[in-house]
Amino acid sequence: MRFPTLKYDLTASFVVFLVALPLCVGVAVASGVPAELGLITGIVGGLVAGALPGSSLQVSGPAAGLTVLVAETVQRFGLPALGVVVVATGLLQLLLGALRWGRWFRAISVAVVEGMLAGIGLVIIAGQLYAMADRPAPSSGTDKLLGLPGLLVRLASEPAVLYPFLLGAGTIAVILLWQRLPARVRVVPGALVAVALATGAAWLLHRPVKKVEVKGLLDAIQPPGTDVMDQLTPALLVTVVAFTLVASAESLFSAAAVDRLHDGPRTDYDKELMAQGAGNALCGALGALPMTAVIVRSAANVQAGARTKASRVLHGVWLLLFAALLPAALGVIPVAALAGVLVHAGFKLLPLKQLRPLWREHRTEALVLVATAVAIVTVNMFEGVLIGLGLSVAKTAWETSRLHVDTEERPDGHLRVRLTGNATFLRLPKLLDALEATPADRVVELDLSGLRHLDHACQSALTTWTERHNARAPEDVRLIPVGAGHS
């Protein structure tokens with residue numbers, strides 16, 4: 001047999017297609033763009049990123065993790081600007097991959113990444129609860145959360161709001177129950193079954209609900225105009241950086257997770273970053289959604305028995321055939337059902353199982369995670385991630401600048417002040433408090449031999465204190481310098 005793995009890859013590709021279909025459409029609708037743009041991104045993720053070297057089994061497409069950022073961009077700059085942002089993101093990813101920066105994305109604190117995903121998950125859940133009720137969601141994350149009690153009141157008093165919400169809630173219930181069925185049944189993804197059942201229920205009951213709007217694949221494509229350079233304002237460039245940071249981090253963390261699921265070739269992070277960049281550059285040129293590697297689709301690919309990258313390329317082929325031959329099928333899907341799929345996806349982004357053990361073992365990491373999530377909900381996506389990164393760096397700097405100051409009285413009446421650890425400006429108050437507590441009329445032996453690092457601020461403070469003490473003490477300070485032996 002010339003293609004011994006083809007039967008495994010063919011089966012896996014169809015499973016991934018079934019998983020990807022409702023997610024591609026749901027992410028697009030939740031982002032406030034035509035549903036077809038989500039399919040275009042899924043097709044590019046399969047046919048382009050799937051064929052390039054990097055990771056052999058992870059699958060790319062539109063991701064729930066970028067929904068909030070895409071929605072903010074479309075609301076602020078308009079849909080035509082989205083293509084410009086995504087093209088620029090792709091080109092920047094290609095540059096970073098060529099410079100071999102892919103591996104450095106693995107250095108981002110796990111607490112920041114999980115906090116980022118948690119914040120995104122909370123905003124998705126809050127926003128899609130409104131979509132489940134066929135109501136427009138407030139623009140900011142805080143307003144979404146504060147408006148939920150009012151939404152609850154409307155659910156209790158308005159049947160026109162309650163009915164679509166029940167469709168969405170039923171979609172979530174089917175997805176959860178489907179996970180408890182035997183494995184041979186779960187070959188068909190629960191999200192697809194749930195959306196199909198909700199669509200059937202809406203058709204049978206003949207109740208008015210909002211449906212997905214269909215324009216056609218070619219009509220949905222909106223390439224950036226000739227005035228691309230004029231659109232690259234400073235605010236838009238900041239958005240490009242945000243897209244690049246989030247999309248690259250999510251893709252490469254997904255690659256690390258997928259590598260743990262199989263025994264095949266490991267991911268080349270720089271090549272994978274360039275594959276994502278090539279895909280995003282093409283998605284942007286078509287005016288579609290940004291692309292990342294997605295752990296849900298990737299895990300489904302591995303669990304379905306995929307052996308090579310052929311499975312992810314073929315899943316792109318099935319998405320293309322569906323979009324070309326059956327686009328009208330999207331127009332019968334209730335938006336509430338897709339919102340239910342996204343609410344479930346949002347809950348899966350919350351690190352509920354990891355938070356308790358993280359709190360027990362590394363409380364500062366847990367605090368960084370929570371602070372990042374809260375910042376994303378209350379401020380915005382990009383600034384929330386920057387706040388998380390800043391807190392993570394500050395936490396690391398504080399923990400690594402450990403300084404111990406031990407003062408002892410020697411038999412000859414002299415005082416020995418011994419410093420061990422890292423003397424940085426963060427520990428300067430502690431250092432000065434210990435030195436200034438020594439009597440002015442005593443000889444002091446200042447032992448610096450236990451220091452691993454002495455920064456300029458601490459060195460200047462020690463010099464100043466030594467000069468002041470020498471001016472008052474009967475004998476000079478006896479200094480044992482950094483790296484010297486004990487006296």
# chains A, B, ... in the order shown; residues from 1 in each chain; ligands from 1
$ residues_around --residues "range 308-321 of chain A" --least-positions-apart "2" --cutoff "9 Å" --atoms "only C-alpha atoms" --output "number ranges by chain"
A: 5-6, 8-18, 20-21, 39-40, 42-53, 55-60, 264, 298, 301, 306, 323-326
$ select_by_dssp --residues "range 44-209 of chain A" --states "alpha helix (DSSP H)" --output "MDAnalysis selection string"
chainID A and resid 44:47 67:77 79:98 110:132 141:146 148:157 159:178 190:205
$ closest_atom_pairs --of "range 227-312 of chain A" --to "range 184-197 of chain A" --cutoff "10 Å" --atoms "only C-alpha atoms" --output "Markdown table"
| residue | atom | partner | partner_atom | distance |
| --- | --- | --- | --- | --- |
| A:Ala300 | CA | A:Pro189 | CA | 9.1 |
| A:Gln303 | CA | A:Val187 | CA | 9.7 |
| A:Ala304 | CA | A:Val187 | CA | 7.9 |
$ write_last_selection --atoms "all heavy atoms" --output "JSON list (two decimals), in the first residue's frame"
[["chain", "number", "residue", "atom", "x", "y", "z"],
["A", 300, "ALA", "N", -8.87, 16.69, 19.09],
["A", 300, "ALA", "CA", -9.78, 15.81, 18.35],
["A", 300, "ALA", "C", -9.04, 15.11, 17.21],
["A", 300, "ALA", "O", -9.29, 13.93, 16.92],
["A", 300, "ALA", "CB", -10.95, 16.62, 17.79],
["A", 303, "GLN", "N", -6.87, 12.34, 18.86],
["A", 303, "GLN", "CA", -7.69, 11.27, 19.41],
["A", 303, "GLN", "C", -8.41, 10.47, 18.33],
["A", 303, "GLN", "O", -8.75, 9.31, 18.54],
["A", 303, "GLN", "CB", -8.70, 11.87, 20.39],
["A", 303, "GLN", "CG", -8.05, 12.44, 21.65],
["A", 303, "GLN", "CD", -8.94, 13.38, 22.41],
["A", 303, "GLN", "OE1", -10.10, 13.59, 22.06],
["A", 303, "GLN", "NE2", -8.40, 13.98, 23.47],
["A", 304, "ALA", "N", -8.63, 11.09, 17.17],
["A", 304, "ALA", "CA", -9.28, 10.38, 16.06],
["A", 304, "ALA", "C", -8.30, 9.50, 15.30],
["A", 304, "ALA", "O", -8.71, 8.83, 14.35],
["A", 304, "ALA", "CB", -9.94, 11.37, 15.11]]
$ residues_around --residues "range 329-333 of chain A" --least-positions-apart "4" --cutoff "7 Å" --atoms "only C-alpha atoms" --output "PyMOL selection string"
chain A and resi 199+211-214
$ atom_distance --atom1 "CA of Leu204 in chain A" --atom2 "CA of Ile172 in chain A"
19.5 Å
$ residues_around --residues "range 250-263 of chain A" --least-positions-apart "6" --cutoff "6 Å" --atoms "only C-alpha atoms" --output "list in words"
Thr292, Ala293 and Ile295 of chain A
$ residues_around --residues "Leu289 in chain A" --least-positions-apart "3" --cutoff "8 Å" --atoms "only C-alpha atoms" --output "mmCIF file with N, CA and C atoms, in the first residue's frame"
data_model
loop_
_atom_site.group_PDB
_atom_site.id
_atom_site.type_symbol
_atom_site.label_atom_id
_atom_site.label_comp_id
_atom_site.auth_asym_id
_atom_site.auth_seq_id
_atom_site.Cartn_x
_atom_site.Cartn_y
_atom_site.Cartn_z
ATOM 1 N N ALA A 28 -17.123 33.420 14.341
ATOM 2 C CA ALA A 28 -17.371 34.557 13.440
ATOM 3 C C ALA A 28 -18.573 35.362 13.897
ATOM 4 N N LEU A 37 -16.690 34.343 6.994
ATOM 5 C CA LEU A 37 -15.299 34.693 7.273
ATOM 6 C C LEU A 37 -14.652 33.699 8.228
ATOM 7 N N GLY A 38 -15.453 33.125 9.119
ATOM 8 C CA GLY A 38 -14.916 32.072 9.990
ATOM 9 C C GLY A 38 -14.578 30.821 9.199
ATOM 10 N N ILE A 40 -13.722 30.781 6.017
ATOM 11 C CA ILE A 40 -12.530 31.083 5.206
ATOM 12 C C ILE A 40 -11.271 30.878 6.036
ATOM 13 N N THR A 41 -11.291 31.355 7.269
ATOM 14 C CA THR A 41 -10.119 31.179 8.135
ATOM 15 C C THR A 41 -9.865 29.703 8.414
ATOM 16 N N PRO A 62 -10.092 29.768 13.195
ATOM 17 C CA PRO A 62 -10.523 30.855 14.081
ATOM 18 C C PRO A 62 -10.687 30.326 15.500
ATOM 19 N N VAL A 70 -11.066 40.552 18.344
ATOM 20 C CA VAL A 70 -11.624 40.827 17.012
ATOM 21 C C VAL A 70 -12.852 41.726 17.126
ATOM 22 N N LEU A 82 -10.070 45.162 9.679
ATOM 23 C CA LEU A 82 -9.680 43.858 10.213
ATOM 24 C C LEU A 82 -8.667 43.166 9.308
ATOM 25 N N GLY A 83 -8.883 43.232 7.989
ATOM 26 C CA GLY A 83 -7.937 42.607 7.058
ATOM 27 C C GLY A 83 -6.545 43.191 7.183
ATOM 28 N N VAL A 86 -4.916 41.813 10.360
ATOM 29 C CA VAL A 86 -4.551 40.395 10.263
ATOM 30 C C VAL A 86 -3.371 40.199 9.312
ATOM 31 N N CYS A 283 -5.203 35.097 5.349
ATOM 32 C CA CYS A 283 -6.522 35.411 5.922
ATOM 33 C C CYS A 283 -6.785 36.913 5.859
ATOM 34 N N GLY A 284 -5.771 37.715 6.207
ATOM 35 C CA GLY A 284 -5.939 39.160 6.156
ATOM 36 C C GLY A 284 -6.166 39.662 4.744
#
$ closest_atom_pairs --of "range 41-128 of chain A" --to "range 391-395 of chain A" --cutoff "9 Å" --atoms "only C-alpha atoms" --output "CSV"
residue,atom,partner,partner_atom,distance
A:Ile108,CA,A:Ser392,CA,9.0
A:Ser109,CA,A:Ser392,CA,6.9
A:Ala111,CA,A:Ser392,CA,8.1
A:Val112,CA,A:Ser392,CA,7.3
$ atom_distance --atom1 "CA of Ala371 in chain A" --atom2 "CA of Ser31 in chain A"
24.6 Å
$ residues_around --residues "range 141-154 of chain A" --least-positions-apart "2" --cutoff "6 Å" --atoms "only C-alpha atoms" --output "MDAnalysis selection string"
chainID A and resid 123 126 138 156:158 377:378
